[in-house]
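Participant: Just so it is clear, I am handing over query36.cif, which has mmCIF, C-alpha atoms.
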data_entry
loop_
_atom_site.group_PDB
_atom_site.id
_atom_site.type_symbol
_atom_site.label_atom_id
_atom_site.label_comp_id
_atom_site.auth_asym_id
_atom_site.auth_seq_id
_atom_site.Cartn_x
_atom_site.Cartn_y
_atom_site.Cartn_z
ATOM 1 C CA MET A 72 103.530 97.035 144.785
ATOM 2 C CA SER A 73 105.383 97.319 148.093
ATOM 3 C CA ASP A 74 102.933 99.923 149.369
ATOM 4 C CA ILE A 75 100.027 97.453 149.161
ATOM 5 C CA PRO A 76 99.470 95.409 152.356
ATOM 6 C CA ASN A 77 100.069 91.678 152.091
ATOM 7 C CA PRO A 78 96.573 90.113 151.852
ATOM 8 C CA LEU A 79 97.850 87.026 153.670
ATOM 9 C CA GLY A 80 99.270 88.992 156.576
ATOM 10 C CA ALA A 81 96.179 88.524 158.727
ATOM 11 C CA PHE A 82 96.445 84.742 158.348
ATOM 12 C CA ASP A 83 100.113 84.778 159.390
ATOM 13 C CA ILE A 84 99.182 86.558 162.605
ATOM 14 C CA PHE A 85 96.240 84.207 163.189
ATOM 15 C CA ASN A 86 98.422 81.092 162.813
ATOM 16 C CA SER A 87 101.079 82.329 165.252
ATOM 17 C CA ARG A 88 98.577 82.185 168.110
ATOM 18 C CA PHE A 89 98.419 78.391 167.837
ATOM 19 C CA GLU A 90 102.078 77.517 167.362
ATOM 20 C CA ASP A 91 102.312 75.913 170.837
ATOM 21 C CA LYS A 92 100.118 73.018 169.620
ATOM 22 C CA THR A 93 103.189 71.297 168.189
ATOM 23 C CA LYS A 94 106.413 70.213 169.853
ATOM 24 C CA LYS A 95 108.403 72.318 167.456
ATOM 25 C CA SER A 96 106.375 75.362 168.351
ATOM 26 C CA LYS A 97 106.888 74.745 172.078
ATOM 27 C CA HIS A 98 110.632 74.733 171.615
ATOM 28 C CA LYS A 99 110.410 77.864 169.528
ATOM 29 C CA ASN A 100 108.342 79.654 172.183
ATOM 30 C CA LYS A 101 110.853 78.627 174.908
ATOM 31 C CA ALA A 102 113.751 79.941 172.856
ATOM 32 C CA ASP A 103 111.847 83.152 172.241
ATOM 33 C CA ALA A 104 111.265 83.511 175.977
ATOM 34 C CA ILE A 105 114.973 83.061 176.725
ATOM 35 C CA LYS A 106 115.879 85.603 174.047
ATOM 36 C CA LYS A 107 113.369 87.993 175.495
ATOM 37 C CA LEU A 108 114.904 87.487 178.959
ATOM 38 C CA PHE A 109 118.312 88.328 177.628
ATOM 39 C CA SER A 110 117.317 91.412 175.759
ATOM 40 C CA LYS A 111 120.126 93.850 176.209
ATOM 41 C CA LYS A 112 118.311 96.149 178.589
ATOM 42 C CA ILE A 113 117.020 93.435 180.998
ATOM 43 C CA ALA A 114 120.185 91.326 181.081
ATOM 44 C CA LYS A 115 122.359 94.321 181.753
ATOM 45 C CA LYS A 116 120.132 95.431 184.611
ATOM 46 C CA LEU A 117 119.971 91.985 186.279
ATOM 47 C CA PHE A 118 123.437 90.578 185.746
ATOM 48 C CA GLY A 119 125.692 93.411 184.663
ATOM 49 C CA LYS A 120 127.129 94.541 181.366
ATOM 50 C CA LYS A 121 129.804 91.811 180.974
ATOM 51 C CA PHE A 122 127.406 88.910 181.536
ATOM 52 C CA ALA A 123 124.798 90.385 179.290
ATOM 53 C CA THR A 124 127.262 90.771 176.421
ATOM 54 C CA ARG A 125 128.557 87.165 176.733
ATOM 55 C CA ALA A 126 125.091 85.639 177.126
ATOM 56 C CA ARG A 127 123.776 87.451 174.119
ATOM 57 C CA ALA A 128 126.760 86.304 172.066
ATOM 58 C CA ASP A 129 126.175 82.652 173.084
ATOM 59 C CA LEU A 130 122.512 82.847 172.155
ATOM 60 C CA ASN A 131 123.312 84.697 168.905
ATOM 61 C CA ILE A 132 120.840 87.409 169.826
ATOM 62 C CA GLN A 133 120.861 90.409 167.533
ATOM 63 C CA GLU A 134 119.527 93.843 168.104
ATOM 64 C CA PRO A 135 116.213 94.358 166.333
ATOM 65 C CA VAL A 136 116.622 96.393 163.168
ATOM 66 C CA THR A 137 114.147 99.182 162.672
ATOM 67 C CA LEU A 138 113.197 99.378 159.026
ATOM 68 C CA ASP A 139 112.084 102.633 157.514
ATOM 69 C CA LYS A 140 108.786 101.615 155.950
ATOM 70 C CA THR A 141 108.196 104.999 154.456
ATOM 71 C CA ILE A 142 107.783 104.610 150.715
ATOM 72 C CA THR A 143 108.653 107.642 148.680
ATOM 73 C CA LYS A 144 106.476 107.773 145.601
ATOM 74 C CA PRO A 145 107.784 109.567 142.523
ATOM 75 C CA LYS A 146 106.731 113.185 142.573
ATOM 76 C CA ARG A 147 104.151 113.857 139.923
ATOM 77 C CA PRO A 148 105.069 117.009 138.017
ATOM 78 C CA ALA A 149 102.690 119.952 138.200
ATOM 79 C CA LEU A 150 101.704 120.821 134.653
ATOM 80 C CA GLN A 151 100.691 124.114 133.103
ATOM 81 C CA ILE A 152 98.417 124.305 130.041
ATOM 82 C CA THR A 153 99.149 127.329 127.881
ATOM 83 C CA TRP A 154 99.205 128.571 124.278
ATOM 84 C CA ALA A 155 102.252 130.031 122.553
ATOM 85 C CA SER A 156 101.952 133.803 122.397
ATOM 86 C CA ASN A 157 105.160 134.707 120.555
ATOM 87 C CA ALA A 158 107.829 133.352 118.222
ATOM 88 C CA SER A 159 110.084 132.304 121.094
ATOM 89 C CA GLU A 160 107.410 130.052 122.595
ATOM 90 C CA ILE A 161 106.635 128.539 119.196
ATOM 91 C CA LYS A 162 110.340 127.684 118.918
ATOM 92 C CA GLU A 163 110.108 125.784 122.197
ATOM 93 C CA ALA A 164 107.424 123.576 120.649
ATOM 94 C CA GLN A 165 109.432 123.174 117.445
ATOM 95 C CA ARG A 166 112.525 122.215 119.439
ATOM 96 C CA LEU A 167 110.626 119.495 121.304
ATOM 97 C CA ARG A 168 109.171 118.240 118.023
ATOM 98 C CA TYR A 169 112.629 118.007 116.465
ATOM 99 C CA LYS A 170 113.957 116.138 119.488
ATOM 100 C CA VAL A 171 111.149 113.575 119.351
ATOM 101 C CA PHE A 172 110.619 113.212 115.601
ATOM 102 C CA ALA A 173 114.145 113.616 114.209
ATOM 103 C CA GLU A 174 116.485 112.590 117.017
ATOM 104 C CA GLU A 175 114.342 109.900 118.624
ATOM 105 C CA MET A 176 112.232 108.545 115.752
ATOM 106 C CA GLY A 177 114.618 109.244 112.863
ATOM 107 C CA ALA A 178 112.248 111.358 110.765
ATOM 108 C CA ASN A 179 113.758 113.017 107.706
ATOM 109 C CA LEU A 180 113.248 116.689 108.591
ATOM 110 C CA PRO A 181 114.846 119.751 106.977
ATOM 111 C CA LYS A 182 118.109 120.646 108.703
ATOM 112 C CA ASN A 183 118.542 123.961 110.493
ATOM 113 C CA ALA A 184 121.085 125.410 112.880
ATOM 114 C CA GLU A 185 118.685 125.554 115.831
ATOM 115 C CA ASN A 186 117.441 121.941 115.593
ATOM 116 C CA LEU A 187 113.822 122.964 115.102
ATOM 117 C CA ASP A 188 111.008 121.140 113.295
ATOM 118 C CA ILE A 189 109.571 123.872 111.062
ATOM 119 C CA ASP A 190 107.170 123.758 108.145
ATOM 120 C CA GLU A 191 104.897 126.171 106.278
ATOM 121 C CA PHE A 192 101.852 125.419 108.469
ATOM 122 C CA ASP A 193 103.432 126.574 111.734
ATOM 123 C CA SER A 194 102.840 130.279 111.149
ATOM 124 C CA PHE A 195 99.115 129.628 110.555
ATOM 125 C CA CYS A 196 98.616 127.414 113.620
ATOM 126 C CA ASP A 197 97.931 127.923 117.303
ATOM 127 C CA HIS A 198 100.465 126.008 119.397
ATOM 128 C CA LEU A 199 99.369 124.266 122.583
ATOM 129 C CA LEU A 200 102.133 123.898 125.166
ATOM 130 C CA ILE A 201 102.319 121.806 128.320
ATOM 131 C CA ARG A 202 105.005 122.977 130.749
ATOM 132 C CA ASP A 203 106.517 121.371 133.798
ATOM 133 C CA GLN A 204 105.821 124.139 136.310
ATOM 134 C CA GLU A 205 108.979 123.397 138.279
ATOM 135 C CA THR A 206 111.426 123.590 135.364
ATOM 136 C CA LEU A 207 109.197 125.616 132.964
ATOM 137 C CA LYS A 208 110.308 123.192 130.246
ATOM 138 C CA VAL A 209 107.841 122.433 127.431
ATOM 139 C CA VAL A 210 107.139 118.692 127.733
ATOM 140 C CA GLY A 211 104.179 118.290 125.395
ATOM 141 C CA THR A 212 102.709 120.058 122.393
ATOM 142 C CA TYR A 213 100.039 120.040 119.699
ATOM 143 C CA ARG A 214 99.556 122.465 116.860
ATOM 144 C CA VAL A 215 96.039 123.418 115.837
ATOM 145 C CA LEU A 216 95.009 124.787 112.445
ATOM 146 C CA PRO A 217 91.622 126.544 112.800
ATOM 147 C CA PRO A 218 89.200 126.808 109.841
ATOM 148 C CA HIS A 219 89.844 130.465 108.979
ATOM 149 C CA LYS A 220 93.608 129.865 108.916
ATOM 150 C CA ALA A 221 93.133 126.765 106.756
ATOM 151 C CA LEU A 222 91.333 129.018 104.284
ATOM 152 C CA GLU A 223 94.287 131.423 104.299
ATOM 153 C CA ILE A 224 96.861 128.750 103.532
ATOM 154 C CA GLY A 225 94.446 127.040 101.175
ATOM 155 C CA ARG A 226 94.491 123.491 102.564
ATOM 156 C CA LEU A 227 95.014 121.223 105.552
ATOM 157 C CA TYR A 228 98.195 119.277 106.179
ATOM 158 C CA SER A 229 96.028 116.153 105.825
ATOM 159 C CA ASP A 230 95.202 117.162 102.236
ATOM 160 C CA SER A 231 98.772 116.209 101.312
ATOM 161 C CA GLU A 232 98.201 112.624 102.458
ATOM 162 C CA PHE A 233 94.516 112.055 101.742
ATOM 163 C CA ASP A 234 91.744 112.950 99.333
ATOM 164 C CA LEU A 235 89.360 114.741 101.724
ATOM 165 C CA SER A 236 86.658 115.647 99.223
ATOM 166 C CA ARG A 237 83.961 113.818 101.206
ATOM 167 C CA LEU A 238 84.738 116.031 104.217
ATOM 168 C CA ASN A 239 84.614 119.409 102.466
ATOM 169 C CA HIS A 240 81.187 120.289 103.898
ATOM 170 C CA LEU A 241 82.591 119.875 107.443
ATOM 171 C CA ARG A 242 85.531 122.296 107.088
ATOM 172 C CA PRO A 243 83.849 125.411 108.579
ATOM 173 C CA LYS A 244 83.521 123.664 111.980
ATOM 174 C CA MET A 245 86.655 121.546 111.749
ATOM 175 C CA VAL A 246 90.129 122.128 113.200
ATOM 176 C CA GLU A 247 93.174 120.103 112.243
ATOM 177 C CA LEU A 248 95.491 118.720 114.915
ATOM 178 C CA GLY A 249 99.079 117.858 114.177
ATOM 179 C CA ARG A 250 102.642 117.399 115.359
ATOM 180 C CA SER A 251 101.581 116.002 118.731
ATOM 181 C CA CYS A 252 104.459 114.808 120.878
ATOM 182 C CA VAL A 253 105.495 114.330 124.498
ATOM 183 C CA HIS A 254 109.017 114.461 125.939
ATOM 184 C CA ALA A 255 110.418 110.987 126.608
ATOM 185 C CA ASP A 256 110.692 111.639 130.358
ATOM 186 C CA TYR A 257 106.999 112.553 130.698
ATOM 187 C CA ARG A 258 105.119 109.764 128.945
ATOM 188 C CA SER A 259 103.136 108.558 131.935
ATOM 189 C CA GLY A 260 99.769 109.788 130.658
ATOM 190 C CA ALA A 261 99.428 113.018 132.628
ATOM 191 C CA VAL A 262 100.778 115.144 129.772
ATOM 192 C CA ILE A 263 98.400 113.568 127.241
ATOM 193 C CA MET A 264 95.488 114.274 129.586
ATOM 194 C CA ALA A 265 96.632 117.901 129.905
ATOM 195 C CA LEU A 266 96.913 118.220 126.122
ATOM 196 C CA TRP A 267 93.408 116.892 125.603
ATOM 197 C CA SER A 268 92.018 119.192 128.283
ATOM 198 C CA GLY A 269 93.618 122.155 126.532
ATOM 199 C CA LEU A 270 92.177 121.089 123.187
ATOM 200 C CA ALA A 271 88.684 120.636 124.626
ATOM 201 C CA GLN A 272 88.757 124.137 126.137
ATOM 202 C CA TYR A 273 89.949 125.549 122.807
ATOM 203 C CA MET A 274 87.143 123.834 120.894
ATOM 204 C CA GLN A 275 84.478 125.094 123.274
ATOM 205 C CA LYS A 276 85.861 128.622 123.384
ATOM 206 C CA HIS A 277 85.744 128.973 119.585
ATOM 207 C CA ASP A 278 82.595 126.893 119.038
ATOM 208 C CA TYR A 279 84.287 124.288 116.828
ATOM 209 C CA GLU A 280 82.789 120.827 116.550
ATOM 210 C CA ILE A 281 85.265 118.483 114.821
ATOM 211 C CA MET A 282 88.934 117.610 115.363
ATOM 212 C CA LEU A 283 90.730 115.989 112.450
ATOM 213 C CA GLY A 284 94.292 114.755 112.166
ATOM 214 C CA CYS A 285 96.747 112.152 110.947
ATOM 215 C CA ALA A 286 97.475 109.566 113.637
ATOM 216 C CA SER A 287 100.775 107.805 113.074
ATOM 217 C CA ILE A 288 101.633 104.110 113.342
ATOM 218 C CA PRO A 289 105.332 103.068 113.501
ATOM 219 C CA MET A 290 106.760 101.368 110.407
ATOM 220 C CA ALA A 291 109.920 99.876 111.906
ATOM 221 C CA ASP A 292 108.780 96.381 110.874
ATOM 222 C CA GLY A 293 108.029 97.420 107.307
ATOM 223 C CA GLY A 294 104.301 97.951 107.805
ATOM 224 C CA HIS A 295 103.018 94.601 109.117
ATOM 225 C CA PHE A 296 102.048 96.128 112.456
ATOM 226 C CA ALA A 297 100.163 98.966 110.730
ATOM 227 C CA ALA A 298 98.331 96.593 108.395
ATOM 228 C CA SER A 299 97.348 94.326 111.288
ATOM 229 C CA LEU A 300 96.155 97.258 113.371
ATOM 230 C CA TYR A 301 93.971 98.571 110.554
ATOM 231 C CA ASN A 302 92.521 95.113 109.916
ATOM 232 C CA SER A 303 91.729 94.727 113.626
ATOM 233 C CA LEU A 304 89.510 97.821 113.764
ATOM 234 C CA SER A 305 85.850 97.090 114.387
ATOM 235 C CA ASN A 306 82.997 98.631 112.405
ATOM 236 C CA ASP A 307 82.053 100.960 115.249
ATOM 237 C CA GLN A 308 85.625 102.324 115.303
ATOM 238 C CA MET A 309 85.389 103.315 111.635
ATOM 239 C CA ALA A 310 83.718 106.516 110.431
ATOM 240 C CA PRO A 311 80.597 106.269 108.250
ATOM 241 C CA VAL A 312 81.341 105.669 104.571
ATOM 242 C CA GLU A 313 80.246 109.203 103.671
ATOM 243 C CA ASN A 314 83.116 110.532 105.840
ATOM 244 C CA HIS A 315 85.848 108.326 104.416
ATOM 245 C CA ALA A 316 89.102 109.730 103.029
ATOM 246 C CA PHE A 317 91.441 108.030 100.567
ATOM 247 C CA PRO A 318 95.245 107.752 100.874
ATOM 248 C CA ARG A 319 97.284 109.395 98.141
ATOM 249 C CA LEU A 320 100.139 106.943 98.824
ATOM 250 C CA PRO A 321 98.378 103.876 100.237
ATOM 251 C CA LEU A 322 100.149 101.305 102.354
ATOM 252 C CA PRO A 323 100.129 98.084 100.260
ATOM 253 C CA LEU A 324 97.953 96.085 102.638
ATOM 254 C CA ASP A 325 97.683 93.099 100.280
ATOM 255 C CA ARG A 326 101.473 92.592 100.406
ATOM 256 C CA LEU A 327 101.771 92.757 104.198
ATOM 257 C CA ASN A 328 101.025 90.341 107.007
ATOM 258 C CA GLY A 329 97.838 91.871 108.342
ATOM 259 C CA GLY A 330 96.905 89.082 110.735
ATOM 260 C CA LEU A 331 99.162 89.835 113.701
ATOM 261 C CA GLU A 332 97.735 90.384 117.183
ATOM 262 C CA VAL A 333 98.595 93.984 117.983
ATOM 263 C CA GLU A 334 97.743 96.751 120.439
ATOM 264 C CA PRO A 335 97.214 100.299 119.133
ATOM 265 C CA PRO A 336 99.902 102.887 119.943
ATOM 266 C CA PRO A 337 98.970 104.854 123.098
ATOM 267 C CA LEU A 338 97.763 107.958 121.246
ATOM 268 C CA ILE A 339 95.491 106.062 118.835
ATOM 269 C CA LYS A 340 94.238 103.896 121.696
ATOM 270 C CA GLY A 341 93.386 107.076 123.594
ATOM 271 C CA TYR A 342 91.599 108.585 120.600
ATOM 272 C CA LEU A 343 89.455 105.478 120.194
ATOM 273 C CA LYS A 344 88.558 105.459 123.887
ATOM 274 C CA LEU A 345 87.490 109.099 123.613
ATOM 275 C CA GLY A 346 85.142 108.197 120.762
ATOM 276 C CA ALA A 347 87.207 109.120 117.698
ATOM 277 C CA LYS A 348 86.596 107.358 114.383
ATOM 278 C CA ILE A 349 89.104 106.195 111.790
ATOM 279 C CA CYS A 350 88.281 107.653 108.374
ATOM 280 C CA SER A 351 90.821 105.961 106.120
ATOM 281 C CA ALA A 352 93.087 103.086 105.310
ATOM 282 C CA PRO A 353 96.750 103.758 106.171
ATOM 283 C CA ALA A 354 98.780 106.157 104.053
ATOM 284 C CA TRP A 355 102.557 105.934 103.974
ATOM 285 C CA ASP A 356 104.426 109.054 105.094
ATOM 286 C CA PRO A 357 107.974 108.546 103.753
ATOM 287 C CA ASP A 358 109.473 111.557 105.596
ATOM 288 C CA PHE A 359 108.416 110.262 109.005
ATOM 289 C CA ASN A 360 108.412 106.588 107.927
ATOM 290 C CA THR A 361 105.014 106.065 109.504
ATOM 291 C CA ALA A 362 101.666 104.748 108.363
ATOM 292 C CA ASP A 363 99.072 107.458 108.987
ATOM 293 C CA VAL A 364 95.349 106.972 109.420
ATOM 294 C CA LEU A 365 92.967 109.914 109.310
ATOM 295 C CA THR A 366 91.211 110.298 112.639
ATOM 296 C CA MET A 367 88.085 112.338 113.375
ATOM 297 C CA LEU A 368 86.614 113.236 116.753
ATOM 298 C CA ARG A 369 83.316 115.096 117.109
ATOM 299 C CA LEU A 370 82.783 116.821 120.451
ATOM 300 C CA SER A 371 79.176 115.626 120.398
ATOM 301 C CA GLU A 372 80.389 112.011 120.223
ATOM 302 C CA ILE A 373 82.952 112.049 123.041
ATOM 303 C CA ASN A 374 82.548 109.022 125.270
ATOM 304 C CA PRO A 375 80.349 110.149 128.223
ATOM 305 C CA ARG A 376 82.866 108.560 130.567
ATOM 306 C CA TYR A 377 85.370 111.277 129.600
ATOM 307 C CA ALA A 378 83.063 114.165 128.675
ATOM 308 C CA LYS A 379 82.806 115.530 132.214
ATOM 309 C CA HIS A 380 86.571 115.456 132.581
ATOM 310 C CA PHE A 381 87.382 117.336 129.398
ATOM 311 C CA LEU A 382 84.258 119.382 128.776
ATOM 312 C CA SER A 383 82.260 121.764 130.939
ATOM 313 C CA LEU A 384 79.276 119.437 131.211
#
Show the structure stored in the file as structure tokens.
Facilitator:
Amino acid sequence: MSDIPNPLGAFDIFNSRFEDKTKKSKHKNKADAIKKLFSKKIAKKLFGKKFATRARADLNIQEPVTLDKTITKPKRPALQITWASNASEIKEAQRLRYKVFAEEMGANLPKNAENLDIDEFDSFCDHLLIRDQETLKVVGTYRVLPPHKALEIGRLYSDSEFDLSRLNHLRPKMVELGRSCVHADYRSGAVIMALWSGLAQYMQKHDYEIMLGCASIPMADGGHFAASLYNSLSNDQMAPVENHAFPRLPLPLDRLNGGLEVEPPPLIKGYLKLGAKICSAPAWDPDFNTADVLTMLRLSEINPRYAKHFLSL
């Protein structure tokens, strides 16, 4: 906050004009005048160097210190939005995923010599990459499973966690998002905004309408936070009943403290602000030790406040 002017500064200056109204202020002004007289330059000129040095010592006059008021703000990294075009670039995304999910969050992922997060869906997905333009390091990623590739593999990743039968009629216009993560040093919001911009461009380019995905809630406390978050959702944050999905391994909400005051994790909070709807109760993902809720965002329902930023409207 040091770069914001002190709102009381004007009053400090105003009050100093009237300090001579009190005896104390008179004495202060007289002392200030003497100090001004014996500023190094004037005293030296009038009385010589030796006198000036002694007089200044007696009066305990110090040279004014010039403070560098320049405030250096952290440099905001320039980000590049791109899509993986070869196996090497996909590995960069998988390496970041492993670092975040396995090393940072403790997910139980298959071991491999290269420390990559790999599963059977990767080869069917398009991989969105956000790079720091200065270092060229991948600092954020999403993977996107388009409808025709979902047909090839025969299912969505979300099918493993939820019964999606009520959503079957939406599949031709629906893409699945997954494995979203941001490097720990870049979680200021800019990377998430870049990821969402890339997704919006992708959706418009291919004429898709719906984004679906599992949004994760930490389970470090055994699930109380997840239960409380789900219970705190309002009706307008939930999808219509006809678009509900059902967890295959439900979180036991009735055995958890679901009355805590909680704030949604940043990603879910962002989804809800965009206009996404929650389609399910939480499912437990034992490999990642998270509670996952199925989240759906229709491009036609994006909050108008953000539509102009992410869409060409």
Participant: Check what the PyMOL selection byres ((chain A and resi 280-294) around 7) selects in the file above and give those residues as a list in words.
Facilitator: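 When the PyMOL selection byres ((chain A and resi 280-294) around 7) is applied, the selected residues are Ser229, Lys244, Met245, Val246, Glu247, Leu248, Gly249, Met274, Asp278, Tyr279, His295, Phe296, Ala297, Ala298, Leu327, Pro336, Ile339, Asn360, Thr361, Ala362, Asp363, Val364, Leu365, Thr366, Met367, Leu368, Arg369 and Leu370 of chain A.
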Participant: Rounded to one decimal in Å, what is the spacing between CA of Val312 (chain A) and CA of Cys350 (chain A)?
Facilitator: 8.2 Å
Participant: So that I can see what lies close to Trp355 (chain A), please list as a list in words the residues with an atom at most 6 Å from it, counting only C-alpha atoms and leaving out residues fewer than 4 positions away in the same chain.
Facilitator: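 That gives Leu320, Pro321, Leu322 and Ala362 of chain A.
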Participant: Excluding same-chain residues fewer than 2 positions from Arg258 (chain A), what lies within 12 Å of it counting all atoms listed in the file, as a ChimeraX atom specification?
Facilitator: /A:147-148,171,210-211,252-256,260-265,337-338
Participant: Could you tell me, as number ranges by chain, which residues have any atom at most 8 Å from (83.8, 112.1, 106.3), counting all atoms listed in the file?
Facilitator: A: 235, 237-238, 241, 310-316, 350
Participant: Can I get region 220-240 of chain A with N, CA and C atoms filled in, as a compact mmCIF listing (two decimals), in the coordinates of the input?
Facilitator:
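What landed in result-v7.txt:
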# COMPACT_ATOMS: atom_id res chain seq x y z
N LYS A 220 92.20 129.91 109.31
CA LYS A 220 93.61 129.86 108.92
C LYS A 220 93.84 128.82 107.82
N ALA A 221 93.06 127.76 107.83
CA ALA A 221 93.13 126.76 106.76
C ALA A 221 92.72 127.40 105.43
N LEU A 222 91.74 128.30 105.49
CA LEU A 222 91.33 129.02 104.28
C LEU A 222 92.46 129.91 103.78
N GLU A 223 93.18 130.54 104.69
CA GLU A 223 94.29 131.42 104.30
C GLU A 223 95.39 130.66 103.59
N ILE A 224 95.78 129.52 104.14
CA ILE A 224 96.86 128.75 103.53
C ILE A 224 96.36 127.92 102.36
N GLY A 225 95.05 127.70 102.33
CA GLY A 225 94.45 127.04 101.18
C GLY A 225 94.25 125.54 101.29
N ARG A 226 94.64 124.95 102.41
CA ARG A 226 94.49 123.49 102.56
C ARG A 226 94.83 123.09 104.00
N LEU A 227 94.56 121.84 104.31
CA LEU A 227 95.01 121.22 105.55
C LEU A 227 96.29 120.44 105.29
N TYR A 228 97.05 120.17 106.32
CA TYR A 228 98.20 119.28 106.18
C TYR A 228 97.71 117.91 105.69
N SER A 229 96.56 117.47 106.19
CA SER A 229 96.03 116.15 105.82
C SER A 229 95.71 116.05 104.34
N ASP A 230 95.47 117.19 103.67
CA ASP A 230 95.20 117.16 102.24
C ASP A 230 96.38 116.61 101.45
N SER A 231 97.59 116.72 102.02
CA SER A 231 98.77 116.21 101.31
C SER A 231 98.85 114.68 101.35
N GLU A 232 98.16 114.08 102.31
CA GLU A 232 98.20 112.62 102.46
C GLU A 232 96.91 111.93 102.02
N PHE A 233 95.81 112.68 102.02
CA PHE A 233 94.52 112.06 101.74
C PHE A 233 93.66 112.92 100.82
N ASP A 234 92.81 112.27 100.07
CA ASP A 234 91.74 112.95 99.33
C ASP A 234 90.59 113.15 100.32
N LEU A 235 90.35 114.41 100.69
CA LEU A 235 89.36 114.74 101.72
C LEU A 235 88.05 115.28 101.13
N SER A 236 87.80 115.02 99.89
CA SER A 236 86.66 115.65 99.22
C SER A 236 85.33 115.32 99.91
N ARG A 237 85.22 114.16 100.53
CA ARG A 237 83.96 113.82 101.21
C ARG A 237 83.77 114.60 102.51
N LEU A 238 84.81 115.29 102.96
CA LEU A 238 84.74 116.03 104.22
C LEU A 238 84.64 117.54 104.00
N ASN A 239 84.59 117.97 102.75
CA ASN A 239 84.61 119.41 102.47
C ASN A 239 83.50 120.18 103.17
N HIS A 240 82.32 119.59 103.28
CA HIS A 240 81.19 120.29 103.90
C HIS A 240 81.37 120.48 105.41
